[in-house]
Structure formats: C-alpha cells, structure tokens
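Q: Contents of upload_25.txt (compact mmCIF, C-alpha atoms) are below:
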```
# COMPACT_ATOMS: atom_id res chain seq x y z
CA MET U 630 -4.19 19.41 6.07
CA HIS U 631 -4.01 16.33 3.81
CA LYS U 632 -0.70 15.52 5.51
CA THR U 633 -0.73 11.77 4.74
CA ALA U 634 -1.69 12.29 1.08
CA THR U 635 1.00 14.95 0.65
CA ILE U 636 3.71 12.75 2.23
CA THR U 637 2.59 9.80 0.05
CA TRP U 638 2.75 11.98 -3.08
CA ILE U 639 6.28 13.22 -2.26
CA VAL U 640 7.49 9.67 -1.49
CA LEU U 641 6.00 8.43 -4.78
CA LEU U 642 7.79 11.19 -6.74
CA VAL U 643 11.10 10.41 -4.99
CA LEU U 644 10.70 6.68 -5.71
CA THR U 645 10.01 7.47 -9.39
CA LEU U 646 13.19 9.56 -9.61
CA ALA U 647 15.14 6.86 -7.77
CA SER U 648 13.99 4.08 -10.12
CA ALA U 649 14.95 6.17 -13.20
CA LEU U 650 18.41 6.84 -11.69
CA PHE U 651 18.99 3.24 -10.54
CA SER U 652 18.12 1.93 -14.02
CA LYS U 653 21.28 3.64 -15.34
CA LEU U 654 23.50 1.54 -13.04
CA GLU U 655 25.12 -1.69 -14.14
CA SER U 656 24.33 -4.43 -11.62
CA LYS U 657 22.75 -7.87 -11.67
CA TYR U 658 20.38 -6.77 -8.88
CA ILE U 659 19.06 -3.73 -10.75
CA ILE U 660 15.96 -5.57 -12.03
CA LEU U 661 15.08 -6.56 -8.46
CA VAL U 662 15.58 -2.97 -7.24
CA ILE U 663 13.40 -1.53 -10.04
CA LEU U 664 10.61 -4.04 -9.36
CA ILE U 665 10.71 -3.44 -5.59
CA LEU U 666 10.48 0.34 -6.12
CA ALA U 667 7.54 -0.15 -8.52
CA ALA U 668 5.85 -2.46 -5.97
CA LEU U 669 6.26 0.17 -3.23
CA LYS U 670 4.67 2.83 -5.45
CA PHE U 671 1.84 0.45 -6.31
CA LEU U 672 1.12 -0.14 -2.61
CA GLY U 673 1.36 3.61 -1.86
CA ILE U 674 -1.32 4.39 -4.44
CA ALA U 675 -3.57 1.46 -3.50
CA PHE U 676 -3.44 1.89 0.27
CA GLN U 677 -3.25 5.69 0.60
CA PHE U 678 -4.83 7.25 -2.51
CA MET U 679 -7.41 4.47 -3.08
CA GLU U 680 -7.98 4.11 0.67
CA MET U 681 -7.43 0.35 0.68
CA LYS U 682 -6.15 0.85 4.23
CA LYS U 683 -9.81 1.33 5.25
CA ALA U 684 -11.03 -1.78 3.39
CA HIS U 685 -11.75 -5.29 4.65
CA VAL U 686 -8.69 -7.53 5.04
CA PHE U 687 -9.94 -9.63 2.07
CA TRP U 688 -9.35 -6.74 -0.37
CA LYS U 689 -5.99 -5.89 1.19
CA THR U 690 -4.88 -9.52 0.82
CA LEU U 691 -6.12 -9.64 -2.77
CA ILE U 692 -4.17 -6.55 -3.88
CA ILE U 693 -0.97 -7.61 -2.06
CA GLY U 694 -1.41 -11.14 -3.43
CA PHE U 695 -1.74 -9.87 -7.01
CA LEU U 696 1.36 -7.71 -6.64
CA ALA U 697 3.43 -10.48 -5.04
CA LEU U 698 2.42 -12.99 -7.73
CA PHE U 699 3.19 -10.51 -10.52
CA VAL U 700 6.66 -9.66 -9.16
CA ILE U 701 7.52 -13.33 -8.45
CA ILE U 702 6.49 -14.44 -11.98
CA LEU U 703 8.56 -11.62 -13.50
CA LEU U 704 11.60 -12.54 -11.39
CA ILE U 705 11.26 -16.19 -12.42
CA ILE U 706 11.05 -15.53 -16.19
CA VAL U 707 13.43 -12.57 -16.49
CA LYS U 708 17.00 -13.51 -17.46
CA MET H 586 -25.94 15.35 -2.92
CA GLN H 587 -25.78 12.25 -0.71
CA THR H 588 -22.60 12.30 1.38
CA GLN H 589 -23.34 9.61 3.96
CA GLU H 590 -20.32 7.66 5.21
CA ILE H 591 -19.98 4.03 4.09
CA ASN H 592 -18.44 1.37 6.35
CA HIS H 593 -15.56 0.16 4.15
CA LYS H 594 -14.62 -2.52 6.69
CA ASN H 595 -17.59 -4.47 5.32
CA ILE H 596 -16.29 -7.00 2.75
CA TYR H 597 -19.03 -5.97 0.25
CA TYR H 598 -18.16 -2.25 0.39
CA PRO H 599 -14.52 -1.58 -0.50
CA PRO H 600 -13.83 2.14 -1.19
CA GLY H 601 -15.58 2.88 -4.50
CA GLY H 602 -17.78 -0.21 -4.37
CA ILE H 603 -17.36 -3.89 -5.16
CA LEU H 604 -18.09 -3.54 -8.91
CA ILE H 605 -15.27 -1.08 -9.59
CA TRP H 606 -12.85 -3.33 -7.68
CA ILE H 607 -13.84 -6.33 -9.81
CA ILE H 608 -13.07 -4.17 -12.88
CA ILE H 609 -9.77 -3.00 -11.33
CA PHE H 610 -8.61 -6.57 -10.71
CA LEU H 611 -9.62 -7.67 -14.22
CA GLU H 612 -7.68 -4.74 -15.69
CA LEU H 613 -4.63 -5.43 -13.53
CA ILE H 614 -4.67 -9.11 -14.55
CA THR H 615 -4.98 -8.15 -18.25
CA PHE H 616 -2.09 -5.64 -18.17
CA GLY H 617 -0.08 -7.92 -15.87
CA ALA H 618 -0.43 -10.82 -18.35
CA GLY H 619 0.59 -8.51 -21.21
CA LEU H 620 3.71 -7.40 -19.34
CA ILE H 621 4.63 -10.97 -18.37
CA ALA H 622 4.28 -11.97 -22.05
CA MET H 623 6.53 -9.03 -23.00
CA VAL H 624 9.25 -10.12 -20.54
CA TYR H 625 8.88 -13.75 -21.73
CA TYR H 626 9.43 -12.70 -25.38
CA SER H 627 12.42 -10.56 -24.35
CA ASN H 628 14.20 -13.80 -23.37
CA GLN H 629 14.00 -14.94 -27.00
CA GLU H 630 15.32 -11.66 -28.46
CA PRO H 631 17.29 -9.98 -25.63
CA GLU H 632 19.43 -7.77 -27.90
CA LEU H 633 16.45 -6.56 -29.90
CA PHE H 634 14.58 -5.66 -26.70
CA HIS H 635 17.63 -3.90 -25.26
CA ASN H 636 18.33 -1.88 -28.42
CA SER H 637 14.64 -1.05 -28.86
CA SER H 638 14.26 0.16 -25.28
CA LEU H 639 17.21 2.53 -25.91
CA LYS H 640 15.01 4.20 -28.55
CA LEU H 641 12.53 5.20 -25.82
CA ASN H 642 12.85 8.52 -24.03
CA THR H 643 13.10 7.64 -20.30
CA THR H 644 12.65 11.30 -19.35
CA TYR H 645 9.22 11.36 -21.05
CA GLY H 646 8.29 8.18 -19.18
CA MET H 647 9.47 9.58 -15.85
CA VAL H 648 7.76 12.97 -16.31
CA ASN H 649 4.56 11.19 -17.35
CA THR H 650 4.72 9.07 -14.18
CA MET H 651 5.07 12.25 -12.11
CA LEU H 652 2.14 13.89 -13.93
CA LEU H 653 -0.13 10.91 -13.26
CA LEU H 654 0.98 10.68 -9.61
CA THR H 655 0.28 14.40 -9.15
CA SER H 656 -3.12 13.95 -10.77
CA GLY H 657 -3.81 11.00 -8.42
CA PHE H 658 -2.77 13.16 -5.44
CA PHE H 659 -5.27 15.87 -6.40
CA MET H 660 -7.95 13.19 -6.90
CA ALA H 661 -7.32 11.76 -3.43
CA ILE H 662 -7.50 15.13 -1.65
CA SER H 663 -10.52 16.23 -3.68
CA VAL H 664 -12.49 13.20 -2.42
CA THR H 665 -11.46 14.04 1.16
CA GLU H 666 -12.71 17.61 0.66
CA LEU H 667 -16.05 16.40 -0.67
CA LYS H 668 -16.46 14.10 2.34
CA LYS H 669 -15.97 17.20 4.53
CA GLY H 670 -18.71 18.90 2.52
CA ASN H 671 -16.43 21.38 0.70
CA LYS H 672 -18.08 21.13 -2.71
CA GLU H 673 -16.35 24.18 -4.18
CA ARG H 674 -12.89 22.99 -3.15
CA PHE H 675 -13.71 19.52 -4.51
CA LYS H 676 -14.56 20.99 -7.91
CA LYS H 677 -11.35 23.07 -7.98
CA LEU H 678 -9.17 20.07 -7.08
CA LEU H 679 -11.00 17.89 -9.61
CA VAL H 680 -10.10 20.42 -12.33
CA PHE H 681 -6.42 20.10 -11.31
CA THR H 682 -6.81 16.30 -11.43
CA MET H 683 -8.11 16.48 -15.00
CA LEU H 684 -5.51 19.09 -15.99
CA PHE H 685 -2.62 16.80 -15.01
CA GLY H 686 -4.38 13.93 -16.79
CA CYS H 687 -4.54 16.06 -19.95
CA LEU H 688 -0.83 16.97 -19.56
CA PHE H 689 -0.07 13.24 -19.42
CA LEU H 690 -1.97 12.73 -22.68
CA TYR H 691 -0.22 15.74 -24.28
CA LEU H 692 3.25 14.39 -23.44
CA LYS H 693 2.24 10.89 -24.57
CA GLY H 694 1.04 12.47 -27.84
CA ILE H 695 4.45 14.13 -28.33
CA GLU H 696 6.17 10.79 -27.66
CA TYR H 697 3.91 8.93 -30.11
CA HIS H 698 4.41 11.67 -32.74
CA GLU H 699 8.20 11.34 -32.44
CA LYS H 700 8.05 7.55 -32.71
CA LEU H 701 5.82 7.69 -35.79
CA ASN H 702 8.13 10.28 -37.42
CA GLU H 703 11.03 7.83 -36.89
CA GLY H 704 8.96 5.16 -38.64
CA ILE H 705 8.43 3.19 -35.43
CA SER H 706 4.86 1.94 -35.63
CA ILE H 707 3.12 -1.13 -34.16
CA GLY H 708 4.66 -3.60 -36.61
CA TYR H 709 8.26 -2.31 -36.27
CA ASN H 710 9.42 -5.24 -34.10
CA THR H 711 8.23 -7.40 -31.15
CA PHE H 712 9.28 -4.86 -28.52
CA PHE H 713 7.40 -2.02 -30.18
CA SER H 714 4.33 -4.21 -30.81
CA PHE H 715 4.09 -4.63 -27.02
CA TYR H 716 4.97 -0.95 -26.45
CA TRP H 717 2.17 0.32 -28.72
CA MET H 718 -0.45 -2.20 -27.57
CA LEU H 719 0.11 -1.74 -23.83
CA THR H 720 0.62 2.04 -23.79
CA LEU H 721 -2.23 2.75 -26.23
CA PHE H 722 -4.59 0.53 -24.23
CA HIS H 723 -3.57 2.52 -21.14
CA VAL H 724 -4.11 5.84 -22.96
CA ILE H 725 -7.67 4.70 -23.81
CA HIS H 726 -8.26 4.12 -20.08
CA VAL H 727 -6.97 7.62 -19.26
CA ILE H 728 -9.33 9.13 -21.87
CA VAL H 729 -12.28 7.13 -20.44
CA GLY H 730 -11.22 8.26 -16.93
CA LEU H 731 -11.24 11.90 -18.01
CA ILE H 732 -14.74 11.50 -19.49
CA ILE H 733 -15.95 9.93 -16.20
CA LEU H 734 -14.38 12.74 -14.13
CA THR H 735 -15.96 15.39 -16.38
CA SER H 736 -19.36 13.77 -15.84
CA VAL H 737 -18.73 13.68 -12.06
CA TYR H 738 -17.77 17.39 -12.13
CA PHE H 739 -21.03 18.39 -13.80
CA GLY H 740 -22.99 15.89 -11.69
CA VAL H 741 -21.73 17.42 -8.43
CA LYS H 742 -22.12 20.98 -9.80
CA LYS H 743 -25.88 20.57 -10.29
CA GLU H 744 -28.10 22.14 -7.61
CA ASN H 745 -30.24 19.03 -6.99
CA SER H 746 -27.50 16.55 -7.69
CA ASN H 747 -28.24 12.84 -7.30
CA THR H 748 -24.52 11.97 -7.50
CA SER H 749 -23.70 9.90 -4.43
CA MET H 750 -20.44 9.74 -2.51
CA GLU H 751 -20.03 6.17 -3.76
CA ASP H 752 -20.28 7.39 -7.39
CA VAL H 753 -17.46 9.87 -6.71
CA GLU H 754 -15.36 7.22 -4.93
CA ALA H 755 -15.91 4.73 -7.78
CA SER H 756 -14.82 7.35 -10.35
CA ALA H 757 -11.78 8.18 -8.20
CA ALA H 758 -10.93 4.45 -7.95
CA PHE H 759 -11.09 4.17 -11.77
CA TRP H 760 -8.78 7.17 -12.10
CA HIS H 761 -6.30 5.73 -9.57
CA MET H 762 -6.42 2.45 -11.49
CA CYS H 763 -4.86 4.34 -14.44
CA ASP H 764 -2.00 5.29 -12.03
CA LEU H 765 -1.66 1.68 -10.85
CA ILE H 766 -1.43 0.36 -14.43
CA TRP H 767 1.10 3.03 -15.44
CA ILE H 768 3.18 2.30 -12.31
CA ILE H 769 3.76 -1.26 -13.54
CA LEU H 770 4.04 -0.32 -17.25
CA PHE H 771 6.69 2.40 -16.83
CA PRO H 772 9.50 0.42 -15.13
CA ILE H 773 9.07 -2.66 -17.31
CA ILE H 774 8.75 -0.97 -20.71
CA TYR H 775 11.17 1.94 -20.14
CA LEU H 776 13.70 0.66 -17.59
CA LEU H 777 13.91 -3.12 -17.44
CA PHE H 778 15.46 -4.14 -20.77
```
Go ahead and express the file in the form of structure tokens.

A:
Amino acid sequence: MHKTATITWIVLLVLTLASALFSKLESKYIILVILILAALKFLGIAFQFMEMKKAHVFWKTLIIGFLALFVIILLIIVK
Amino acid sequence: MQTQEINHKNIYYPPGGILIWIIIFLELITFGAGLIAMVYYSNQEPELFHNSSLKLNTTYGMVNTMLLLTSGFFMAISVTELKKGNKERFKKLLVFTMLFGCLFLYLKGIEYHEKLNEGISIGYNTFFSFYWMLTLFHVIHVIVGLIILTSVYFGVKKENSNTSMEDVEASAAFWHMCDLIWIILFPIIYLLF
C-alpha cells in the first residue's frame, strides 16, 4: 500500500541527511554534490508526490528545464 | 463529491490543473531569482556570508526539511486514498499533513525567536537580509497552504460537498510547492556558504 510514495519519502529523508553530512566535508566539489542532492529531491517531489510522472511531456520538460537552468546558473556564478 | 478521473496526459490538464502550475512556475522563478541574487552577492562578501551562515542552526534546517517532506508524503497518500473513495482515511491523513506543517512553523518560530534574541534582524547584514526575506516569504506560503488545506478538509467533510477532485489536487499541488521551494532554500541558505 502506497509503496512508491513510502519509498520516495524514505529516499528523500536519506538524501536530506546525506546533504547535511556532506556539507561538513572540505572539498571543492561539495557545492556540486549539495546541488545535485537538492535537484534529486526536487525531482522526487515533483514526479512522485505531485504526480508529474502522469503529466504531458511538456510539463515534465518545463520542470526539468527550470531545475537544470537554476543549477547551471548557480554553478556558473558560485566561486 | 465529484471524484471522476482526469486524463493528465492532456497538455491542458496537468495534475492539479493548469492554473496552479502557472502559479507554481511563477513562484519557483521568483524564489530561484532570489537565491541566484543571494549567491551573486556572496561573491562580493564571501567571508561575511560564510561567518553569517555559521550563525544558522543546520539541525533546525534539516529537521524542518524532514517535517515538510513527511507532511508532503501524507498529502500524497491522502490524495490517493480520496481517489479510491476512502473519504475518512483522506481526512485523517490530511490532519497529519497539516500537523507536520504546523510543526514546521513551530520550529521556524523557535529559530526566528533565537535569531531575534541575538539581535539578528532583517537589517543585520546582506546575508541575513536574504535569509529573512526568503524564509519569511516561504513561511507565508506555508500559512496560506494550511488555510487552503483546512478549507479542503471542511469542504470534503460536508455531506453534499461540491469540492471536486481537481480542487483537492490543486490544493495538494500548492502544498507540495512549499516543499519544492524549501528544498532549494535549505541547501543554499544553510549549507552552501
């Protein structure tokens, strides 16, 4: 019962814990790791909880496009 | 209550309806622009942003993320239950959704109280100007979300309810939007600098 939603929820909690733990590490790639983990959580909520997986490909492209643009801009301006 | 299935594969009918998705994208663009501006300003004052972010309690941020995710989980399964026709179970799960939303606000209140006691208000420095503006704007969305969910609860509870499945899905989409916004706020404000 609600297997997919439950798995998504657990994965999201684990990713949240992981991003908090990774942020304590000293590495030049840490910003990239934190942003990738946030992007994965974003997609998990949009596609599973908000049922974007059932939507027309236009809406899927729009949400992935927004996320990709946001992450790329951040990676360009962050020093 | 009308519970007819909608074909979400139609471009005009994303889950929750086209209007709520226009709002969601506008909100995401607004918060996204705010966060990009924050990161841009951090390049001009990197030390100030680093030292200021150390003043934030990461544990509060992480627990708040978990509370919102749990609330979103209950929201998602409550909608599934309503689609199956389990009105009573929907109402119970919706109460849990709102409860975790309230816990988020309670913890945020504690965090704000601590910051204000330390004298850290909106004009403290550039970092905290962004912190207060972005997180308070998000808190307003959570409060509006809770009001919408309360109205849905009483709408569905009524005997001759005219609340449609699309109304419930649109309210759920608004609530999940609060999760989406927090998911991009938390790592940037609490972890990035």

Q: Could you give me, as CSV, a per-residue list for chain U showing, wherever an atom lies at most 7 Å from an atom of chain H, the closest pair of atoms and their distance in Å to one decimal, using all atoms listed in the file and sorting by chain then residue number from low to high?

A:
```
residue,atom,partner,partner_atom,distance
U:His631,CA,H:Ile662,CA,6.6
U:Ala634,CA,H:Phe658,CA,6.7
U:Trp638,CA,H:Phe658,CA,6.1
U:Leu642,CA,H:Met651,CA,6.1
U:Thr645,CA,H:Met647,CA,6.8
U:Ala649,CA,H:Met647,CA,7.0
U:Ser652,CA,H:Leu776,CA,5.8
U:Ile660,CA,H:Leu777,CA,6.3
U:Ile663,CA,H:Pro772,CA,6.7
U:Ala667,CA,H:Ile768,CA,6.3
U:Phe671,CA,H:Leu765,CA,5.9
U:Ile674,CA,H:Leu765,CA,7.0
U:Phe678,CA,H:Ala661,CA,5.2
U:Met679,CA,H:Ala758,CA,6.0
U:Glu680,CA,H:Pro600,CA,6.4
U:Met681,CA,H:Pro600,CA,6.9
U:Lys683,CA,H:His593,CA,6.0
U:Ala684,CA,H:Lys594,CA,4.9
U:His685,CA,H:Lys594,CA,4.5
U:Phe687,CA,H:Ile596,CA,6.9
U:Phe699,CA,H:Gly617,CA,6.8
U:Leu703,CA,H:Ile621,CA,6.3
U:Ile706,CA,H:Tyr625,CA,6.2
U:Val707,CA,H:Val624,CA,6.3
U:Lys708,CA,H:Asn628,CA,6.5
```

Q: For a test of reading the model, state the distance in Å between CA of Glu744 (chain H) and CA of Lys676 (chain H), rounded to one decimal.

A: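 Pair CA of Glu744 (chain H) / CA of Lys676 (chain H) returns 13.6 Å.
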
Q: Kindly give the distance, in Å, that separates CA of Gly686 (chain H) and CA of Leu653 (chain H), rounded to a single decimal.

A: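 Atom-to-atom, CA of Gly686 (chain H) and CA of Leu653 (chain H) are spaced 6.3 Å apart.
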
Q: What's the separation between CA of Phe713 (chain H) and CA of Leu688 (chain H), in Å to one decimal place?

A: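 Atom-to-atom, CA of Phe713 (chain H) to CA of Leu688 (chain H), that is 23.3 Å.
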
Q: So which residues touch Val662 (chain U) within 10 Å, counting all atoms listed in the file, skipping near sequence neighbours fewer than 4 positions away, as a VMD selection string?

A: chain U and resid 647 to 648 651 to 652 656 to 658 666 to 668

Q: Counting only C-alpha atoms, what is within 9 Å of Lys693 (chain H), bar same-chain residues fewer than 2 positions away, as JSON, numbers by chain?

A: {"H": [645, 646, 649, 688, 689, 690, 691, 695, 696, 697, 698, 724]}

Q: With C-alpha atoms retained, write the just-selected residues as a tab-separated table (two decimals), in the coordinates of the input.

A:
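Output file selection31.tsv follows:
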```tsv
chain	number	residue	atom	x	y	z
H	645	TYR	CA	9.22	11.36	-21.05
H	646	GLY	CA	8.29	8.18	-19.18
H	649	ASN	CA	4.56	11.19	-17.35
H	688	LEU	CA	-0.83	16.97	-19.56
H	689	PHE	CA	-0.07	13.24	-19.42
H	690	LEU	CA	-1.97	12.73	-22.68
H	691	TYR	CA	-0.22	15.74	-24.28
H	695	ILE	CA	4.45	14.13	-28.33
H	696	GLU	CA	6.17	10.79	-27.66
H	697	TYR	CA	3.91	8.93	-30.11
H	698	HIS	CA	4.41	11.67	-32.74
H	724	VAL	CA	-4.11	5.84	-22.96
```

Q: Can you pull out the residues contacting Ile705 (chain H)? Cut-off 12 Å, using all atoms listed in the file, and skip same-chain residues under 3 positions away; I want them as a list in words.

A: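 Near Ile705 (chain H), the qualifying residues are Ser637, Lys640, Leu641, Glu696, Tyr697, His698, Glu699, Lys700, Leu701, Asn702, Gly708, Tyr709, Asn710, Thr711, Phe712, Phe713, Ser714, Tyr716 and Trp717 of chain H.
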
Q: Please determine, counting all atoms listed in the file, which residue among H:Leu684, H:Leu719, H:Met750, H:Val741 has the shortest atom-to-atom distance to Lys672 (chain H).

A: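 Distance minimum relative to Lys672 (chain H) lands on H:Val741.
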
Q: Choose the residue, out of H:Lys742, H:Asp752, H:Asn636, H:Val727, that has the smallest atom-to-atom separation from Lys677 (chain H); count only C-alpha atoms.

A: H:Lys742

Q: Neighbouring residues of Val680 (chain H) were defined as those with any atom within 9 Å, considering only C-alpha atoms; residues of the same chain fewer than 5 positions away were excluded. Please report them as a list in words.

A: Phe659, Phe675, Phe685, Leu734, Thr735 and Tyr738 of chain H

Q: For region 659-682 of chain U, supply N, CA and C atoms and report the output as a PDB file, in the frame of the given file.

A:
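So out_13.pdb came out as:
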```pdb
ATOM      1  N   ILE U 659      19.813  -4.934 -10.393  1.00  0.00           N
ATOM      2  CA  ILE U 659      19.060  -3.730 -10.750  1.00  0.00           C
ATOM      3  C   ILE U 659      17.594  -4.044 -11.068  1.00  0.00           C
ATOM      4  N   ILE U 660      17.343  -5.197 -11.693  1.00  0.00           N
ATOM      5  CA  ILE U 660      15.960  -5.570 -12.030  1.00  0.00           C
ATOM      6  C   ILE U 660      15.144  -5.721 -10.746  1.00  0.00           C
ATOM      7  N   LEU U 661      15.757  -6.367  -9.748  1.00  0.00           N
ATOM      8  CA  LEU U 661      15.080  -6.560  -8.460  1.00  0.00           C
ATOM      9  C   LEU U 661      14.770  -5.207  -7.814  1.00  0.00           C
ATOM     10  N   VAL U 662      15.763  -4.295  -7.850  1.00  0.00           N
ATOM     11  CA  VAL U 662      15.580  -2.970  -7.240  1.00  0.00           C
ATOM     12  C   VAL U 662      14.435  -2.224  -7.932  1.00  0.00           C
ATOM     13  N   ILE U 663      14.436  -2.236  -9.276  1.00  0.00           N
ATOM     14  CA  ILE U 663      13.400  -1.530 -10.040  1.00  0.00           C
ATOM     15  C   ILE U 663      12.006  -2.099  -9.724  1.00  0.00           C
ATOM     16  N   LEU U 664      11.918  -3.416  -9.643  1.00  0.00           N
ATOM     17  CA  LEU U 664      10.610  -4.040  -9.360  1.00  0.00           C
ATOM     18  C   LEU U 664      10.153  -3.757  -7.930  1.00  0.00           C
ATOM     19  N   ILE U 665      11.087  -3.747  -6.981  1.00  0.00           N
ATOM     20  CA  ILE U 665      10.710  -3.440  -5.590  1.00  0.00           C
ATOM     21  C   ILE U 665      10.206  -1.988  -5.485  1.00  0.00           C
ATOM     22  N   LEU U 666      10.910  -1.064  -6.153  1.00  0.00           N
ATOM     23  CA  LEU U 666      10.480   0.340  -6.120  1.00  0.00           C
ATOM     24  C   LEU U 666       9.084   0.501  -6.744  1.00  0.00           C
ATOM     25  N   ALA U 667       8.862  -0.210  -7.860  1.00  0.00           N
ATOM     26  CA  ALA U 667       7.540  -0.150  -8.520  1.00  0.00           C
ATOM     27  C   ALA U 667       6.472  -0.729  -7.579  1.00  0.00           C
ATOM     28  N   ALA U 668       6.813  -1.830  -6.891  1.00  0.00           N
ATOM     29  CA  ALA U 668       5.850  -2.460  -5.970  1.00  0.00           C
ATOM     30  C   ALA U 668       5.502  -1.507  -4.820  1.00  0.00           C
ATOM     31  N   LEU U 669       6.511  -0.780  -4.325  1.00  0.00           N
ATOM     32  CA  LEU U 669       6.260   0.170  -3.230  1.00  0.00           C
ATOM     33  C   LEU U 669       5.317   1.287  -3.689  1.00  0.00           C
ATOM     34  N   LYS U 670       5.540   1.774  -4.912  1.00  0.00           N
ATOM     35  CA  LYS U 670       4.670   2.830  -5.450  1.00  0.00           C
ATOM     36  C   LYS U 670       3.244   2.307  -5.620  1.00  0.00           C
ATOM     37  N   PHE U 671       3.146   1.093  -6.100  1.00  0.00           N
ATOM     38  CA  PHE U 671       1.840   0.450  -6.310  1.00  0.00           C
ATOM     39  C   PHE U 671       1.079   0.392  -4.977  1.00  0.00           C
ATOM     40  N   LEU U 672       1.766  -0.040  -3.922  1.00  0.00           N
ATOM     41  CA  LEU U 672       1.120  -0.140  -2.610  1.00  0.00           C
ATOM     42  C   LEU U 672       0.749   1.233  -2.061  1.00  0.00           C
ATOM     43  N   GLY U 673       1.623   2.230  -2.305  1.00  0.00           N
ATOM     44  CA  GLY U 673       1.360   3.610  -1.860  1.00  0.00           C
ATOM     45  C   GLY U 673       0.062   4.134  -2.458  1.00  0.00           C
ATOM     46  N   ILE U 674      -0.102   3.918  -3.762  1.00  0.00           N
ATOM     47  CA  ILE U 674      -1.320   4.390  -4.440  1.00  0.00           C
ATOM     48  C   ILE U 674      -2.536   3.611  -3.932  1.00  0.00           C
ATOM     49  N   ALA U 675      -2.416   2.281  -3.886  1.00  0.00           N
ATOM     50  CA  ALA U 675      -3.570   1.460  -3.500  1.00  0.00           C
ATOM     51  C   ALA U 675      -4.016   1.735  -2.062  1.00  0.00           C
ATOM     52  N   PHE U 676      -3.062   1.783  -1.143  1.00  0.00           N
ATOM     53  CA  PHE U 676      -3.440   1.890   0.270  1.00  0.00           C
ATOM     54  C   PHE U 676      -3.743   3.323   0.709  1.00  0.00           C
ATOM     55  N   GLN U 677      -3.009   4.310   0.171  1.00  0.00           N
ATOM     56  CA  GLN U 677      -3.250   5.690   0.600  1.00  0.00           C
ATOM     57  C   GLN U 677      -4.254   6.407  -0.305  1.00  0.00           C
ATOM     58  N   PHE U 678      -3.943   6.497  -1.615  1.00  0.00           N
ATOM     59  CA  PHE U 678      -4.830   7.250  -2.510  1.00  0.00           C
ATOM     60  C   PHE U 678      -6.182   6.545  -2.706  1.00  0.00           C
ATOM     61  N   MET U 679      -6.151   5.202  -2.832  1.00  0.00           N
ATOM     62  CA  MET U 679      -7.410   4.470  -3.080  1.00  0.00           C
ATOM     63  C   MET U 679      -8.066   4.023  -1.781  1.00  0.00           C
ATOM     64  N   GLU U 680      -7.450   4.381  -0.672  1.00  0.00           N
ATOM     65  CA  GLU U 680      -7.980   4.110   0.670  1.00  0.00           C
ATOM     66  C   GLU U 680      -8.206   2.621   0.964  1.00  0.00           C
ATOM     67  N   MET U 681      -7.360   1.777   0.388  1.00  0.00           N
ATOM     68  CA  MET U 681      -7.430   0.350   0.680  1.00  0.00           C
ATOM     69  C   MET U 681      -7.156   0.067   2.157  1.00  0.00           C
ATOM     70  N   LYS U 682      -6.447   1.009   2.797  1.00  0.00           N
ATOM     71  CA  LYS U 682      -6.150   0.850   4.230  1.00  0.00           C
ATOM     72  C   LYS U 682      -7.432   0.751   5.057  1.00  0.00           C
TER      73      LYS U 682
END
```
